Every structure is written in C-alpha cells, then in structure tokens.
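Taking it in order: structure first as structure tokens, then the write-up.
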Amino acid sequence: MKILAIETSCDETCAAIVEGTKIWSNVVWSQIDLHKGFGGVVPSIAKRAHEEKIDWVVNKALVTDVDAVAVTVGPGLAIALEVGIRKAKELASKWNKPLVAVNHIEGHVLSGLTPEVKFPAMALVVSGGHTELIYAEKIGQYKIVARTMDDALGESLDKAARMLGLGYPGGAMLEKKAEGGNAKAYPLPLPMKGRETERAFSYSGLKTAMWRIVNQLINSSVNQLSEQQIKDLAAGYQDMAFKHVVRVSKKTLEDFPVKDLLVGGGVAANKELRKRLAEMAEELRFSVWFPAKGLYGDNAAMVGIAAGYKAEKGLYEANIDAVDREPRARIDEVFKWRE
C-alpha cells in the first residue's frame, strides 16, 4: 500500500510517499532561515510558512498514485499541526482515500525499524522537543519509562550553542566546535549524578553551570570568548549531556527484558552520541538501530512508515471530520492503537 504522508508539527513542511519501508519520495522544506534571527521557532511564522509551502511539498512528493493519506496530528505546535491536518483531510476527501492519524513520536520510534528488530524493544527519542525512553511491547503498544523534567536534549544543545554565540539551530554547530575542544577544560557538572534510577533526564543544572562559566570568562576578558574557549566549552557541554543520556539509558535498559534499542530524533544524527550509544549497546550485548540518512530530523517518510503499520490493521479514521490536532499527545496515552 502506497501512503502519502504529511508532517507539519514544527518548522519543517514535509510530504512523502511510502510503501511499507520503501520510500518513493521524501520532501522536506526547512524554515530554519525564517526563525534563526529569533533564536527559536516562532509559531505564527511557522504556520504561515507551512501554508505557503504545503501544496509545493505535496505536489513534489506525488511521484505515484496512493492508496491512503497519513498525517501527524501531535505532539507539536498546534497552529503548525493544523496546516498539515487540513491538507490531509482535503486530499483524503477529494481522492476518496482512507486517512491515518499518526503520532509524531511513533514516527521517530519506527524510523530505524528493520526486520531484524525483535520485540519487546526499547526506543530512545532525542530531538529538539522530546527526550524519552519508550518501552515498546510491540508495534503500537508503548509505555514511556523515562523522560526529561525540563529541556529536551536538542533544546538544551541549542541553548548552549546560543550562549557561545553559535546561532540557531545550534546543535550541529556545537557538535562541529566540540571536535576541536577539550571536554575537561571547565568544571561542568554531570546531570543527576547518582540518581539514574529515577529514570529522568534533566539539563537545567548543566545549562545554568554553562551560563555561569561563559559569563565569568566574558567578564574576565574583553567581552568575547576566544575560539579555543568556545571549542572547549562546546566539547564539555556535549560530553556531559551525552554522558547523562547514556547513564540513564543504561540503567533503565538493565531493568527491562529487551535486547534491541531503537534510536530516533534529530539529535541522533550527532556522530558522537551514536558512537556512545553503540558502545553502551556493545557492553550490554544489545543491538542498536539508527534511522537511515534523512530520517533523523522531522520528515514525512517516518510518518508514512508508522502509518503503514496502522493501515495493515485497518486502523483508519472512521470520521475524517473529527480528526484534530493533539499538541500535547503522549505516545502511550492519546494514540494507543485499537485492536
């Protein structure tokens, strides 16, 4: 079954055609240039940009006929979600095709799925808006077992980059600077050290420590960090943020009967994080699975993949008109699959 999938949960306008795990097309129009001057996503600008580009990405993605339409309905920015939902409902009605409502996080969870993955499994989603460990009894049956208490990992990295004057979005720039830095140059703390059994992520303390060190350095110099100071701080912040992820993940994984770890989300594109997760998996004798290139950040192909599994069970929306945005949706509550 070929599915046209639409994704507009934040600041990428996306459309794709997916058949099972085969991706016929995957179109992403990024709004980064529209938001970088504000240091973050401006919802009203995101909505307007989605409205301007939604027809373009859909038309570019339509390389073949489709049998169904899928759309992200949450979580995400409400006024951004509504653009994609409106277009999906319009096309499903116009073409007389069934509609599949998809959870954005489930898309990330299943983006690295291969036939070799064995369930139950654990999924780690690390993105700009979410940091969660999700126990997957099977496809469609999920339980969040650890989540962030404050910032998501991607958001935290972006804020650290902003402190260093690296711009927005900063995660990729922070990664690049960290490659030439000394992670031990400054006394940045390991978040929640000794509290890993609480199954929670937190970056507020690390972020505050970073802010204090940056300000101390600036005040003691000529109001400007040197290039080496930026590299060292980037390396130190990234090191502690990733150590925290690995420590919490490792402790949580030890408590569940799983041998497969699915990793998804934009931050999973970070080479250092992937390396550390792979090392952890080897130590625990796990198999770790990452998405293919192009499926890390927000995209419609992952939405189509998730929709395909729902379509196999006939889990279409009985009342298209009732489909609405769910900006605070949890993968283990609002979108429990119907049997």
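Letters A, B, ... mark the chains of the structure tokens in the order given; residue numbers begin at 1 per chain; ligand numbers begin at 1, in order shown.
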Rows by chain and residue number, region 142-228 of chain A within 12 Å of region 27-48 of chain A, shortest pair, only C-alpha atoms, as a tab-separated table:
residue	atom	partner	partner_atom	distance
A:Gly154	CA	A:Gly40	CA	11.9
A:Glu155	CA	A:Gly40	CA	9.4
A:Asp158	CA	A:Gly40	CA	8.9
A:Lys159	CA	A:Gly39	CA	8.8
A:Ala160	CA	A:Gly39	CA	11.8
A:Ala161	CA	A:Gly39	CA	10.4
A:Arg162	CA	A:Gly39	CA	7.7
A:Met163	CA	A:Gly39	CA	10.9
A:Gly165	CA	A:Gly39	CA	10.6
A:Leu166	CA	A:Gly39	CA	10.4
A:Gly167	CA	A:Lys36	CA	7.0
A:Tyr168	CA	A:Lys36	CA	5.0
A:Pro169	CA	A:Lys36	CA	6.8
A:Gly170	CA	A:Gly39	CA	9.3
Prev. selection, C-alpha atoms, output as an mmCIF file, in the first residue's frame:
data_model
loop_
_atom_site.group_PDB
_atom_site.id
_atom_site.type_symbol
_atom_site.label_atom_id
_atom_site.label_comp_id
_atom_site.auth_asym_id
_atom_site.auth_seq_id
_atom_site.Cartn_x
_atom_site.Cartn_y
_atom_site.Cartn_z
ATOM 1 C CA GLY A 154 18.121 19.078 21.379
ATOM 2 C CA GLU A 155 16.718 22.208 23.000
ATOM 3 C CA ASP A 158 20.676 24.720 21.037
ATOM 4 C CA LYS A 159 20.667 26.902 24.176
ATOM 5 C CA ALA A 160 24.282 26.054 24.937
ATOM 6 C CA ALA A 161 25.239 26.957 21.381
ATOM 7 C CA ARG A 162 23.402 30.263 21.729
ATOM 8 C CA MET A 163 25.427 31.072 24.872
ATOM 9 C CA GLY A 165 27.259 32.824 20.014
ATOM 10 C CA LEU A 166 26.912 29.987 17.514
ATOM 11 C CA GLY A 167 23.452 30.893 16.272
ATOM 12 C CA TYR A 168 20.302 28.832 15.704
ATOM 13 C CA PRO A 169 19.786 25.949 15.383
ATOM 14 C CA GLY A 170 22.943 25.298 17.335
#
>> Quick one: residues within 6 Å of region 320-327 of chain A, only C-alpha atoms, excluding same-chain residues fewer than 5 positions away - as an NGL selection string?
In response: :A and (73-78)
>> Quick one: residues within 9 Å of Lys259 (chain A), only C-alpha atoms, excluding same-chain residues fewer than 6 positions away - as number ranges by chain?
In response: A: 117-122, 253, 281, 284-288
>> Using only C-alpha atoms, can you tell me which of A:Leu273, A:Val69, A:Met149, A:Leu262 comes closest to Ala241 (chain A)?
In response: A:Leu273
> What is the CA of Val126 (chain A) to CA of Leu153 (chain A) distance in Å?
Replying inline: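 Separation between CA of Val126 (chain A) and CA of Leu153 (chain A): 6.2 Å.
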Show me, as a Markdown table, the residues of region 177-232 of chain A having an atom within 12 Å of region 132-142 of chain A, each with the closest atom pair and its distance in Å, using only C-alpha atoms.
| residue | atom | partner | partner_atom | distance |
| --- | --- | --- | --- | --- |
| A:Arg199 | CA | A:Leu133 | CA | 8.7 |
| A:Ala200 | CA | A:Glu132 | CA | 8.6 |
| A:Phe201 | CA | A:Glu132 | CA | 8.3 |
| A:Ser202 | CA | A:Glu132 | CA | 11.3 |
How about saving the chosen residues, N, CA and C atoms kept, as a PDB file, in the first residue's frame?
ATOM      1  N   ARG A 199      15.008   7.427  36.556  1.00  0.00           N
ATOM      2  CA  ARG A 199      14.523   7.366  35.169  1.00  0.00           C
ATOM      3  C   ARG A 199      14.022   8.726  34.688  1.00  0.00           C
ATOM      4  N   ALA A 200      14.881   9.696  34.780  1.00  0.00           N
ATOM      5  CA  ALA A 200      14.527  11.047  34.342  1.00  0.00           C
ATOM      6  C   ALA A 200      15.759  11.722  33.762  1.00  0.00           C
ATOM      7  N   PHE A 201      15.527  12.553  32.761  1.00  0.00           N
ATOM      8  CA  PHE A 201      16.583  13.371  32.182  1.00  0.00           C
ATOM      9  C   PHE A 201      16.391  14.808  32.648  1.00  0.00           C
ATOM     10  N   SER A 202      17.491  15.520  32.821  1.00  0.00           N
ATOM     11  CA  SER A 202      17.404  16.931  33.220  1.00  0.00           C
ATOM     12  C   SER A 202      18.649  17.661  32.743  1.00  0.00           C
TER      13      SER A 202
END
